[in-house]
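Asker: Pasting structure-v5.pdb here (PDB, N, CA and C atoms):
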ATOM      1  N   MET P1309       1.894  89.217 -15.737
ATOM      2  CA  MET P1309       2.489  89.238 -14.422
ATOM      3  C   MET P1309       1.626  88.392 -13.479
ATOM      4  N   SER P1310       2.248  87.523 -12.740
ATOM      5  CA  SER P1310       1.510  86.686 -11.804
ATOM      6  C   SER P1310       1.884  87.060 -10.370
ATOM      7  N   TYR P1311       1.011  86.730  -9.476
ATOM      8  CA  TYR P1311       1.255  86.998  -8.067
ATOM      9  C   TYR P1311       0.643  85.879  -7.250
ATOM     10  N   TRP P1312       1.032  85.848  -5.998
ATOM     11  CA  TRP P1312       0.649  84.776  -5.100
ATOM     12  C   TRP P1312      -0.691  85.089  -4.452
ATOM     13  N   GLU P1313      -1.635  84.193  -4.604
ATOM     14  CA  GLU P1313      -2.925  84.306  -3.932
ATOM     15  C   GLU P1313      -3.044  83.166  -2.928
ATOM     16  N   PRO P1314      -2.649  83.409  -1.692
ATOM     17  CA  PRO P1314      -2.672  82.329  -0.699
ATOM     18  C   PRO P1314      -4.088  81.950  -0.285
ATOM     19  N   ARG P1315      -4.221  80.718   0.129
ATOM     20  CA  ARG P1315      -5.467  80.208   0.703
ATOM     21  C   ARG P1315      -5.096  79.586   2.046
ATOM     22  N   TRP P1316      -5.042  80.426   3.085
ATOM     23  CA  TRP P1316      -4.621  79.977   4.406
ATOM     24  C   TRP P1316      -5.723  79.192   5.093
ATOM     25  N   VAL P1317      -5.381  78.026   5.590
ATOM     26  CA  VAL P1317      -6.293  77.217   6.396
ATOM     27  C   VAL P1317      -5.583  76.862   7.699
ATOM     28  N   ARG P1318      -6.360  76.751   8.744
ATOM     29  CA  ARG P1318      -5.795  76.381  10.043
ATOM     30  C   ARG P1318      -5.578  74.875  10.078
ATOM     31  N   ARG P1319      -4.384  74.481  10.510
ATOM     32  CA  ARG P1319      -4.061  73.063  10.501
ATOM     33  C   ARG P1319      -3.133  72.745  11.673
ATOM     34  N   GLU P1320      -3.294  71.543  12.213
ATOM     35  CA  GLU P1320      -2.392  71.073  13.259
ATOM     36  C   GLU P1320      -1.272  70.286  12.584
ATOM     37  N   ILE P1321      -0.049  70.750  12.769
ATOM     38  CA  ILE P1321       1.125  70.118  12.168
ATOM     39  C   ILE P1321       1.801  69.267  13.237
ATOM     40  N   ARG P1322       2.119  68.022  12.891
ATOM     41  CA  ARG P1322       2.774  67.105  13.840
ATOM     42  C   ARG P1322       4.078  66.611  13.252
ATOM     43  N   SER P1323       5.121  66.689  14.081
ATOM     44  CA  SER P1323       6.429  66.186  13.669
ATOM     45  C   SER P1323       7.299  66.012  14.904
ATOM     46  N   HIS P1324       8.059  64.937  14.964
ATOM     47  CA  HIS P1324       8.988  64.656  16.060
ATOM     48  C   HIS P1324       8.289  64.663  17.426
ATOM     49  N   GLY P1325       7.044  64.219  17.475
ATOM     50  CA  GLY P1325       6.309  64.173  18.724
ATOM     51  C   GLY P1325       5.785  65.524  19.186
ATOM     52  N   ILE P1326       5.849  66.523  18.338
ATOM     53  CA  ILE P1326       5.378  67.869  18.667
ATOM     54  C   ILE P1326       4.217  68.203  17.749
ATOM     55  N   SER P1327       3.164  68.774  18.305
ATOM     56  CA  SER P1327       2.052  69.228  17.472
ATOM     57  C   SER P1327       1.868  70.733  17.678
ATOM     58  N   VAL P1328       1.693  71.437  16.567
ATOM     59  CA  VAL P1328       1.591  72.895  16.573
ATOM     60  C   VAL P1328       0.391  73.293  15.725
ATOM     61  N   LEU P1329      -0.414  74.201  16.241
ATOM     62  CA  LEU P1329      -1.536  74.741  15.487
ATOM     63  C   LEU P1329      -1.050  75.974  14.746
ATOM     64  N   THR P1330      -1.117  75.953  13.422
ATOM     65  CA  THR P1330      -0.596  77.044  12.612
ATOM     66  C   THR P1330      -1.388  77.185  11.323
ATOM     67  N   CYS P1331      -0.945  78.072  10.462
ATOM     68  CA  CYS P1331      -1.602  78.293   9.170
ATOM     69  C   CYS P1331      -0.842  77.553   8.070
ATOM     70  N   TYR P1332      -1.604  76.966   7.161
ATOM     71  CA  TYR P1332      -1.080  76.187   6.048
ATOM     72  C   TYR P1332      -1.677  76.760   4.773
ATOM     73  N   ASP P1333      -0.827  77.028   3.788
ATOM     74  CA  ASP P1333      -1.318  77.564   2.518
ATOM     75  C   ASP P1333      -1.682  76.402   1.596
ATOM     76  N   ALA P1334      -2.948  76.303   1.240
ATOM     77  CA  ALA P1334      -3.411  75.226   0.368
ATOM     78  C   ALA P1334      -2.920  75.397  -1.066
ATOM     79  N   THR P1335      -2.505  76.598  -1.449
ATOM     80  CA  THR P1335      -2.014  76.853  -2.807
ATOM     81  C   THR P1335      -0.590  76.355  -2.989
ATOM     82  N   THR P1336       0.290  76.700  -2.051
ATOM     83  CA  THR P1336       1.722  76.384  -2.197
ATOM     84  C   THR P1336       2.224  75.317  -1.240
ATOM     85  N   SER P1337       1.408  74.883  -0.297
ATOM     86  CA  SER P1337       1.768  73.925   0.752
ATOM     87  C   SER P1337       2.829  74.474   1.710
ATOM     88  N   LEU P1338       2.891  75.781   1.855
ATOM     89  CA  LEU P1338       3.832  76.386   2.788
ATOM     90  C   LEU P1338       3.203  76.472   4.171
ATOM     91  N   ILE P1339       4.058  76.358   5.191
ATOM     92  CA  ILE P1339       3.615  76.367   6.582
ATOM     93  C   ILE P1339       4.202  77.608   7.253
ATOM     94  N   LEU P1340       3.394  78.283   8.033
ATOM     95  CA  LEU P1340       3.798  79.512   8.714
ATOM     96  C   LEU P1340       4.297  79.220  10.127
ATOM     97  N   CYS P1341       5.379  79.885  10.540
ATOM     98  CA  CYS P1341       5.830  79.795  11.934
ATOM     99  C   CYS P1341       4.879  80.646  12.774
ATOM    100  N   PRO P1342       4.161  80.043  13.726
ATOM    101  CA  PRO P1342       3.194  80.818  14.506
ATOM    102  C   PRO P1342       3.841  81.737  15.539
ATOM    103  N   ILE P1343       5.115  81.544  15.828
ATOM    104  CA  ILE P1343       5.778  82.353  16.850
ATOM    105  C   ILE P1343       6.233  83.694  16.307
ATOM    106  N   CYS P1344       6.872  83.706  15.164
ATOM    107  CA  CYS P1344       7.464  84.961  14.694
ATOM    108  C   CYS P1344       6.678  85.639  13.579
ATOM    109  N   SER P1345       5.461  85.245  13.356
ATOM    110  CA  SER P1345       4.612  85.932  12.382
ATOM    111  C   SER P1345       4.115  87.243  12.982
ATOM    112  N   THR P1346       4.076  88.290  12.171
ATOM    113  CA  THR P1346       3.588  89.582  12.656
ATOM    114  C   THR P1346       2.066  89.620  12.724
ATOM    115  N   ILE P1347       1.418  88.719  12.020
ATOM    116  CA  ILE P1347      -0.045  88.617  12.029
ATOM    117  C   ILE P1347      -0.435  87.382  12.829
ATOM    118  N   SER P1348      -1.437  87.509  13.677
ATOM    119  CA  SER P1348      -1.859  86.365  14.488
ATOM    120  C   SER P1348      -2.548  85.317  13.616
ATOM    121  N   ILE P1349      -2.565  84.109  14.115
ATOM    122  CA  ILE P1349      -3.195  83.002  13.385
ATOM    123  C   ILE P1349      -4.697  83.253  13.224
ATOM    124  N   ASP P1350      -5.318  83.873  14.242
ATOM    125  CA  ASP P1350      -6.763  84.141  14.171
ATOM    126  C   ASP P1350      -7.108  85.095  13.032
ATOM    127  N   GLU P1351      -6.227  86.043  12.732
ATOM    128  CA  GLU P1351      -6.470  86.968  11.624
ATOM    129  C   GLU P1351      -6.141  86.334  10.276
ATOM    130  N   LEU P1352      -5.049  85.593  10.235
ATOM    131  CA  LEU P1352      -4.570  85.034   8.971
ATOM    132  C   LEU P1352      -5.409  83.857   8.497
ATOM    133  N   CYS P1353      -5.718  82.949   9.403
ATOM    134  CA  CYS P1353      -6.513  81.772   9.027
ATOM    135  C   CYS P1353      -7.580  81.522  10.093
ATOM    136  N   PRO P1354      -8.703  82.213   9.988
ATOM    137  CA  PRO P1354      -9.797  82.011  10.955
ATOM    138  C   PRO P1354     -10.282  80.559  10.930
ATOM    139  N   GLU P1355     -10.885  80.127  12.026
ATOM    140  CA  GLU P1355     -11.332  78.738  12.137
ATOM    141  C   GLU P1355     -12.440  78.387  11.152
ATOM    142  N   ASP P1356     -13.304  79.322  10.847
ATOM    143  CA  ASP P1356     -14.487  79.001  10.058
ATOM    144  C   ASP P1356     -14.335  79.228   8.551
ATOM    145  N   ARG P1357     -13.220  79.839   8.103
ATOM    146  CA  ARG P1357     -13.065  80.104   6.666
ATOM    147  C   ARG P1357     -11.587  80.219   6.293
ATOM    148  N   GLU P1358     -11.333  80.294   4.986
ATOM    149  CA  GLU P1358      -9.963  80.469   4.493
ATOM    150  C   GLU P1358      -9.566  81.934   4.571
ATOM    151  N   GLY P1359      -8.279  82.156   4.828
ATOM    152  CA  GLY P1359      -7.755  83.506   4.799
ATOM    153  C   GLY P1359      -7.016  83.729   3.495
ATOM    154  N   SER P1360      -6.899  84.986   3.087
ATOM    155  CA  SER P1360      -6.229  85.259   1.809
ATOM    156  C   SER P1360      -5.240  86.414   1.902
ATOM    157  N   ILE P1361      -4.725  86.676   3.082
ATOM    158  CA  ILE P1361      -3.773  87.774   3.262
ATOM    159  C   ILE P1361      -2.394  87.320   2.785
ATOM    160  N   PRO P1362      -1.797  88.000   1.807
ATOM    161  CA  PRO P1362      -0.432  87.633   1.392
ATOM    162  C   PRO P1362       0.587  88.150   2.411
ATOM    163  N   LEU P1363       1.577  87.361   2.698
ATOM    164  CA  LEU P1363       2.618  87.728   3.658
ATOM    165  C   LEU P1363       3.917  88.039   2.925
ATOM    166  N   THR P1364       4.638  89.036   3.414
ATOM    167  CA  THR P1364       5.912  89.373   2.780
ATOM    168  C   THR P1364       7.102  89.156   3.698
ATOM    169  N   ASP P1365       6.896  89.240   5.003
ATOM    170  CA  ASP P1365       8.036  89.155   5.907
ATOM    171  C   ASP P1365       7.904  88.061   6.967
ATOM    172  N   ALA P1366       7.121  87.051   6.695
ATOM    173  CA  ALA P1366       6.928  85.965   7.650
ATOM    174  C   ALA P1366       7.721  84.744   7.209
ATOM    175  N   PRO P1367       8.280  84.010   8.157
ATOM    176  CA  PRO P1367       9.003  82.784   7.795
ATOM    177  C   PRO P1367       8.025  81.676   7.404
ATOM    178  N   LEU P1368       8.223  81.148   6.210
ATOM    179  CA  LEU P1368       7.391  80.072   5.685
ATOM    180  C   LEU P1368       8.272  78.852   5.443
ATOM    181  N   PHE P1369       7.711  77.668   5.652
ATOM    182  CA  PHE P1369       8.496  76.441   5.549
ATOM    183  C   PHE P1369       7.804  75.424   4.654
ATOM    184  N   ALA P1370       8.616  74.614   3.991
ATOM    185  CA  ALA P1370       8.110  73.630   3.045
ATOM    186  C   ALA P1370       7.722  72.322   3.713
ATOM    187  N   SER P1371       8.269  72.048   4.892
ATOM    188  CA  SER P1371       7.951  70.787   5.556
ATOM    189  C   SER P1371       7.754  71.017   7.055
ATOM    190  N   PRO P1372       7.006  70.143   7.702
ATOM    191  CA  PRO P1372       6.831  70.263   9.155
ATOM    192  C   PRO P1372       8.160  70.162   9.909
ATOM    193  N   GLU P1373       9.077  69.331   9.416
ATOM    194  CA  GLU P1373      10.380  69.185  10.067
ATOM    195  C   GLU P1373      11.155  70.499  10.056
ATOM    196  N   ASP P1374      11.103  71.212   8.923
ATOM    197  CA  ASP P1374      11.782  72.507   8.834
ATOM    198  C   ASP P1374      11.195  73.504   9.836
ATOM    199  N   MET P1375       9.877  73.519   9.950
ATOM    200  CA  MET P1375       9.241  74.446  10.881
ATOM    201  C   MET P1375       9.583  74.110  12.326
ATOM    202  N   ILE P1376       9.572  72.835  12.682
ATOM    203  CA  ILE P1376       9.901  72.419  14.053
ATOM    204  C   ILE P1376      11.353  72.773  14.371
ATOM    205  N   ASN P1377      12.262  72.527  13.435
ATOM    206  CA  ASN P1377      13.668  72.897  13.665
ATOM    207  C   ASN P1377      13.808  74.403  13.837
ATOM    208  N   HIS P1378      13.065  75.170  13.062
ATOM    209  CA  HIS P1378      13.088  76.627  13.208
ATOM    210  C   HIS P1378      12.543  77.031  14.578
ATOM    211  N   MET P1379      11.476  76.395  15.020
ATOM    212  CA  MET P1379      10.877  76.737  16.302
ATOM    213  C   MET P1379      11.802  76.395  17.459
ATOM    214  N   ARG P1380      12.645  75.394  17.281
ATOM    215  CA  ARG P1380      13.637  75.072  18.314
ATOM    216  C   ARG P1380      14.635  76.207  18.500
ATOM    217  N   THR P1381      14.919  76.963  17.442
ATOM    218  CA  THR P1381      15.830  78.101  17.591
ATOM    219  C   THR P1381      15.217  79.173  18.476
ATOM    220  N   HIS P1382      13.899  79.299  18.481
ATOM    221  CA  HIS P1382      13.242  80.240  19.401
ATOM    222  C   HIS P1382      13.495  79.816  20.842
ATOM    223  N   TRP P1383      13.429  78.524  21.102
ATOM    224  CA  TRP P1383      13.648  78.007  22.447
ATOM    225  C   TRP P1383      15.098  78.249  22.860
ATOM    226  N   HIS P1384      16.045  77.994  21.973
ATOM    227  CA  HIS P1384      17.453  78.199  22.307
ATOM    228  C   HIS P1384      17.767  79.677  22.517
ATOM    229  N   ALA P1385      17.133  80.546  21.776
ATOM    230  CA  ALA P1385      17.386  81.987  21.940
ATOM    231  C   ALA P1385      16.928  82.456  23.310
ATOM    232  N   LYS P1386      15.853  81.898  23.832
ATOM    233  CA  LYS P1386      15.383  82.280  25.165
ATOM    234  C   LYS P1386      16.197  81.608  26.252
ATOM    235  N   ARG P1387      16.727  80.438  25.959
ATOM    236  CA  ARG P1387      17.458  79.670  26.965
ATOM    237  C   ARG P1387      18.802  80.301  27.280
ATOM    238  N   TYR P1388      19.493  80.734  26.259
ATOM    239  CA  TYR P1388      20.815  81.302  26.459
ATOM    240  C   TYR P1388      20.728  82.817  26.518
ATOM    241  N   LYS P1389      21.453  83.382  27.453
ATOM    242  CA  LYS P1389      21.437  84.837  27.600
ATOM    243  C   LYS P1389      22.224  85.474  26.470
ATOM    244  N   LYS P1390      21.779  86.644  26.092
ATOM    245  CA  LYS P1390      22.490  87.391  25.057
ATOM    246  C   LYS P1390      23.651  88.126  25.707
ATOM    247  N   ILE P1391      24.752  88.179  25.015
ATOM    248  CA  ILE P1391      25.931  88.882  25.505
ATOM    249  C   ILE P1391      25.965  90.238  24.825
ATOM    250  N   SER P1392      26.043  91.290  25.625
ATOM    251  CA  SER P1392      26.087  92.618  25.025
ATOM    252  C   SER P1392      27.539  93.002  24.756
ATOM    253  N   VAL P1393      27.758  93.534  23.592
ATOM    254  CA  VAL P1393      29.082  93.960  23.179
ATOM    255  C   VAL P1393      29.069  95.476  23.092
ATOM    256  N   PRO P1394      30.000  96.148  23.786
ATOM    257  CA  PRO P1394      29.991  97.610  23.719
ATOM    258  C   PRO P1394      30.293  98.087  22.305
ATOM    259  N   THR P1395      29.564  99.119  21.888
ATOM    260  CA  THR P1395      29.762  99.622  20.528
ATOM    261  C   THR P1395      30.890 100.645  20.458
ATOM    262  N   VAL P1396      31.152 101.348  21.553
ATOM    263  CA  VAL P1396      32.219 102.332  21.580
ATOM    264  C   VAL P1396      33.358 101.759  22.394
ATOM    265  N   ARG P1397      34.535 101.794  21.842
ATOM    266  CA  ARG P1397      35.698 101.242  22.517
ATOM    267  C   ARG P1397      36.319 102.307  23.399
ATOM    268  N   GLU P1398      36.521 101.963  24.658
ATOM    269  CA  GLU P1398      37.129 102.907  25.578
ATOM    270  C   GLU P1398      38.622 102.984  25.299
ATOM    271  N   VAL P1399      39.148 104.206  25.277
ATOM    272  CA  VAL P1399      40.562 104.419  24.981
ATOM    273  C   VAL P1399      41.246 104.865  26.259
ATOM    274  N   SER P1400      42.238 104.113  26.683
ATOM    275  CA  SER P1400      43.000 104.507  27.863
ATOM    276  C   SER P1400      44.279 105.210  27.426
ATOM    277  N   GLU P1401      44.981 105.782  28.386
ATOM    278  CA  GLU P1401      46.203 106.512  28.061
ATOM    279  C   GLU P1401      47.256 105.598  27.441
ATOM    280  N   GLU P1402      47.320 104.376  27.922
ATOM    281  CA  GLU P1402      48.316 103.445  27.395
ATOM    282  C   GLU P1402      48.020 103.064  25.955
ATOM    283  N   SER P1403      46.765 102.920  25.621
ATOM    284  CA  SER P1403      46.422 102.474  24.278
ATOM    285  C   SER P1403      46.487 103.599  23.249
ATOM    286  N   GLU P1404      46.586 104.859  23.707
ATOM    287  CA  GLU P1404      46.685 105.963  22.765
ATOM    288  C   GLU P1404      47.980 105.879  21.953
ATOM    289  N   GLU P1405      49.032 105.351  22.566
ATOM    290  CA  GLU P1405      50.304 105.213  21.862
ATOM    291  C   GLU P1405      50.223 104.140  20.791
ATOM    292  N   GLY P1406      49.351 103.231  20.996
ATOM    293  CA  GLY P1406      49.244 102.097  20.086
ATOM    294  C   GLY P1406      49.992 100.913  20.679
ATOM    295  N   ALA P1407      49.647  99.754  20.235
ATOM    296  CA  ALA P1407      50.245  98.548  20.787
ATOM    297  C   ALA P1407      51.715  98.447  20.440
ATOM    298  N   LEU P1408      52.096  98.881  19.260
ATOM    299  CA  LEU P1408      53.493  98.783  18.851
ATOM    300  C   LEU P1408      54.322  99.981  19.299
ATOM    301  N   GLY P1409      53.676 101.083  19.654
ATOM    302  CA  GLY P1409      54.390 102.292  20.041
ATOM    303  C   GLY P1409      55.310 102.080  21.230
ATOM    304  N   LYS P1410      54.949 101.234  22.152
ATOM    305  CA  LYS P1410      55.769 100.961  23.319
ATOM    306  C   LYS P1410      57.070 100.278  22.932
ATOM    307  N   PHE P1411      57.005  99.424  21.942
ATOM    308  CA  PHE P1411      58.163  98.619  21.591
ATOM    309  C   PHE P1411      59.072  99.294  20.573
ATOM    310  N   VAL P1412      58.547 100.191  19.787
ATOM    311  CA  VAL P1412      59.345 100.845  18.752
ATOM    312  C   VAL P1412      60.383 101.762  19.365
ATOM    313  N   ASN P1413      60.018 102.501  20.392
ATOM    314  CA  ASN P1413      60.924 103.467  21.004
ATOM    315  C   ASN P1413      61.776 102.878  22.118
ATOM    316  N   SER P1414      61.577 101.657  22.453
ATOM    317  CA  SER P1414      62.357 101.075  23.543
ATOM    318  C   SER P1414      63.684 100.529  22.996
ATOM    319  N   LYS P1415      64.688 100.533  23.889
ATOM    320  CA  LYS P1415      66.000 100.017  23.535
ATOM    321  C   LYS P1415      66.030  98.522  23.760
ATOM    322  N   PRO P1416      66.734  97.808  22.935
ATOM    323  CA  PRO P1416      66.847  96.378  23.178
ATOM    324  C   PRO P1416      67.644  96.144  24.457
ATOM    325  N   PRO P1417      67.353  95.085  25.144
ATOM    326  CA  PRO P1417      68.097  94.817  26.377
ATOM    327  C   PRO P1417      69.566  94.572  26.074
ATOM    328  N   SER P1418      70.427  95.147  26.926
ATOM    329  CA  SER P1418      71.872  94.961  26.708
ATOM    330  C   SER P1418      72.290  93.566  27.124
ATOM    331  N   LYS P1419      73.229  93.045  26.380
ATOM    332  CA  LYS P1419      73.695  91.690  26.683
ATOM    333  C   LYS P1419      74.944  91.796  27.532
ATOM    334  N   ARG P1420      75.015  91.094  28.567
ATOM    335  CA  ARG P1420      76.194  91.054  29.430
ATOM    336  C   ARG P1420      77.121  89.981  28.944
ATOM    337  N   ARG P1421      78.400  90.309  28.987
ATOM    338  CA  ARG P1421      79.377  89.312  28.584
ATOM    339  C   ARG P1421      80.120  88.808  29.763
TER     340      ARG P1421
END
Could you show the structure in this file as structure tokens?

Answerer:
Amino acid sequence: MSYWEPRWVRREIRSHGISVLTCYDATTSLILCPICSTISIDELCPEDREGSIPLTDAPLFASPEDMINHMRTHWHAKRYKKISVPTVREVSEESEEGALGKFVNSKPPSKRR
């Protein structure tokens, strides 16, 4: 049975004119998103040595472009307001009959000759 033994090093990633200080795994070449990681960069990859904490729920990326595109979604999520949707639907007296109930019991309009 094999398992992942990461070797996290602190690295500045540059792509699309953006530079980000994050953790880079020297074993797998995976890059960590510094925004949504549950562990801080200082704990995971200290400046003076390699870190070896395995991560299970952090977003990891294969290329700097993938990480930058992912980080842009953080910006868009903050930019646009979230719309709240009510979980319980309010029932009015009219809707208790149902949408079709009104039409089933009604008489068709009489035609004048």

Asker: Can you work out the spacing between atom N of His1382 (chain P) and CA of Glu1320 (chain P) in Å, to one decimal?

Answerer: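 Answer for the atom N of His1382 (chain P) to CA of Glu1320 (chain P) separation: 19.0 Å.
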
Asker: Under the PyMOL selection byres ((chain P and resi 1340) around 6.5), which residues of this model are included? Write them out as a PyMOL selection string.

Answerer: chain P and resi 1330-1333+1338-1339+1341-1343+1367-1369

Asker: Let's have the selection written as a PDB file, in the frame of the given file, with N, CA and C atoms.

Answerer:
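Writing done, so here's out00.pdb:
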ATOM      1  N   THR P1330      -1.117  75.953  13.422  1.00  0.00           N
ATOM      2  CA  THR P1330      -0.596  77.044  12.612  1.00  0.00           C
ATOM      3  C   THR P1330      -1.388  77.185  11.323  1.00  0.00           C
ATOM      4  N   CYS P1331      -0.945  78.072  10.462  1.00  0.00           N
ATOM      5  CA  CYS P1331      -1.602  78.293   9.170  1.00  0.00           C
ATOM      6  C   CYS P1331      -0.842  77.553   8.070  1.00  0.00           C
ATOM      7  N   TYR P1332      -1.604  76.966   7.161  1.00  0.00           N
ATOM      8  CA  TYR P1332      -1.080  76.187   6.048  1.00  0.00           C
ATOM      9  C   TYR P1332      -1.677  76.760   4.773  1.00  0.00           C
ATOM     10  N   ASP P1333      -0.827  77.028   3.788  1.00  0.00           N
ATOM     11  CA  ASP P1333      -1.318  77.564   2.518  1.00  0.00           C
ATOM     12  C   ASP P1333      -1.682  76.402   1.596  1.00  0.00           C
ATOM     13  N   LEU P1338       2.891  75.781   1.855  1.00  0.00           N
ATOM     14  CA  LEU P1338       3.832  76.386   2.788  1.00  0.00           C
ATOM     15  C   LEU P1338       3.203  76.472   4.171  1.00  0.00           C
ATOM     16  N   ILE P1339       4.058  76.358   5.191  1.00  0.00           N
ATOM     17  CA  ILE P1339       3.615  76.367   6.582  1.00  0.00           C
ATOM     18  C   ILE P1339       4.202  77.608   7.253  1.00  0.00           C
ATOM     19  N   CYS P1341       5.379  79.885  10.540  1.00  0.00           N
ATOM     20  CA  CYS P1341       5.830  79.795  11.934  1.00  0.00           C
ATOM     21  C   CYS P1341       4.879  80.646  12.774  1.00  0.00           C
ATOM     22  N   PRO P1342       4.161  80.043  13.726  1.00  0.00           N
ATOM     23  CA  PRO P1342       3.194  80.818  14.506  1.00  0.00           C
ATOM     24  C   PRO P1342       3.841  81.737  15.539  1.00  0.00           C
ATOM     25  N   ILE P1343       5.115  81.544  15.828  1.00  0.00           N
ATOM     26  CA  ILE P1343       5.778  82.353  16.850  1.00  0.00           C
ATOM     27  C   ILE P1343       6.233  83.694  16.307  1.00  0.00           C
ATOM     28  N   PRO P1367       8.280  84.010   8.157  1.00  0.00           N
ATOM     29  CA  PRO P1367       9.003  82.784   7.795  1.00  0.00           C
ATOM     30  C   PRO P1367       8.025  81.676   7.404  1.00  0.00           C
ATOM     31  N   LEU P1368       8.223  81.148   6.210  1.00  0.00           N
ATOM     32  CA  LEU P1368       7.391  80.072   5.685  1.00  0.00           C
ATOM     33  C   LEU P1368       8.272  78.852   5.443  1.00  0.00           C
ATOM     34  N   PHE P1369       7.711  77.668   5.652  1.00  0.00           N
ATOM     35  CA  PHE P1369       8.496  76.441   5.549  1.00  0.00           C
ATOM     36  C   PHE P1369       7.804  75.424   4.654  1.00  0.00           C
TER      37      PHE P1369
END

Asker: Could you tell me which of P:Arg1318, P:Asp1374, P:His1324, P:Ala1366 comes closest to Leu1352 (chain P) if we count all atoms listed in the file?

Answerer: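 Closest to Leu1352 (chain P), using all atoms listed in the file: P:Arg1318.
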
Asker: Please, what distance in Å, to one decimal, runs between CA of Pro1372 (chain P) and CA of Val1328 (chain P)?

Answerer: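 If I compute the distance from CA of Pro1372 (chain P) to CA of Val1328 (chain P), I get 9.5 Å.
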
Asker: Please provide as a ChimeraX atom specification all residues within 8 Å of Asp1365 (chain P), with the sequence filter that same-chain residues fewer than 6 positions apart are discarded (counting all atoms listed in the file).

Answerer: /P:1344-1346

Asker: Have a look at CA of Met1379 (chain P) and atom N of Ile1349 (chain P) and let me know their distance in Å, one decimal.

Answerer: 15.5 Å

Asker: If you run DSSP on the backbone, which residues of region 1318-1397 of chain P are strand (DSSP E or B), as a list in words?

Answerer: Arg1318, Arg1319, Glu1320, Ile1321, Arg1322, Ser1323, Ile1326, Ser1327, Val1328, Leu1329, Thr1330, Cys1331, Tyr1332, Asp1333, Ile1339, Leu1340, Gly1359, Leu1368 and Phe1369 of chain P

Asker: Return the single residue from P:Trp1383, P:Ile1376, P:Trp1312, P:Ile1361 that is closest to Ile1326 (chain P), with distances computed using all atoms listed in the file.

Answerer: P:Ile1376

Asker: Of the candidates P:Arg1315, P:Ser1348, P:Met1375, P:Thr1335, which shows the shortest atom-to-atom distance to Ser1360 (chain P), using only N, CA and C atoms?

Answerer: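 Of P:Arg1315, P:Ser1348, P:Met1375, P:Thr1335, the one nearest Ser1360 (chain P), counting only N, CA and C atoms, is P:Arg1315.
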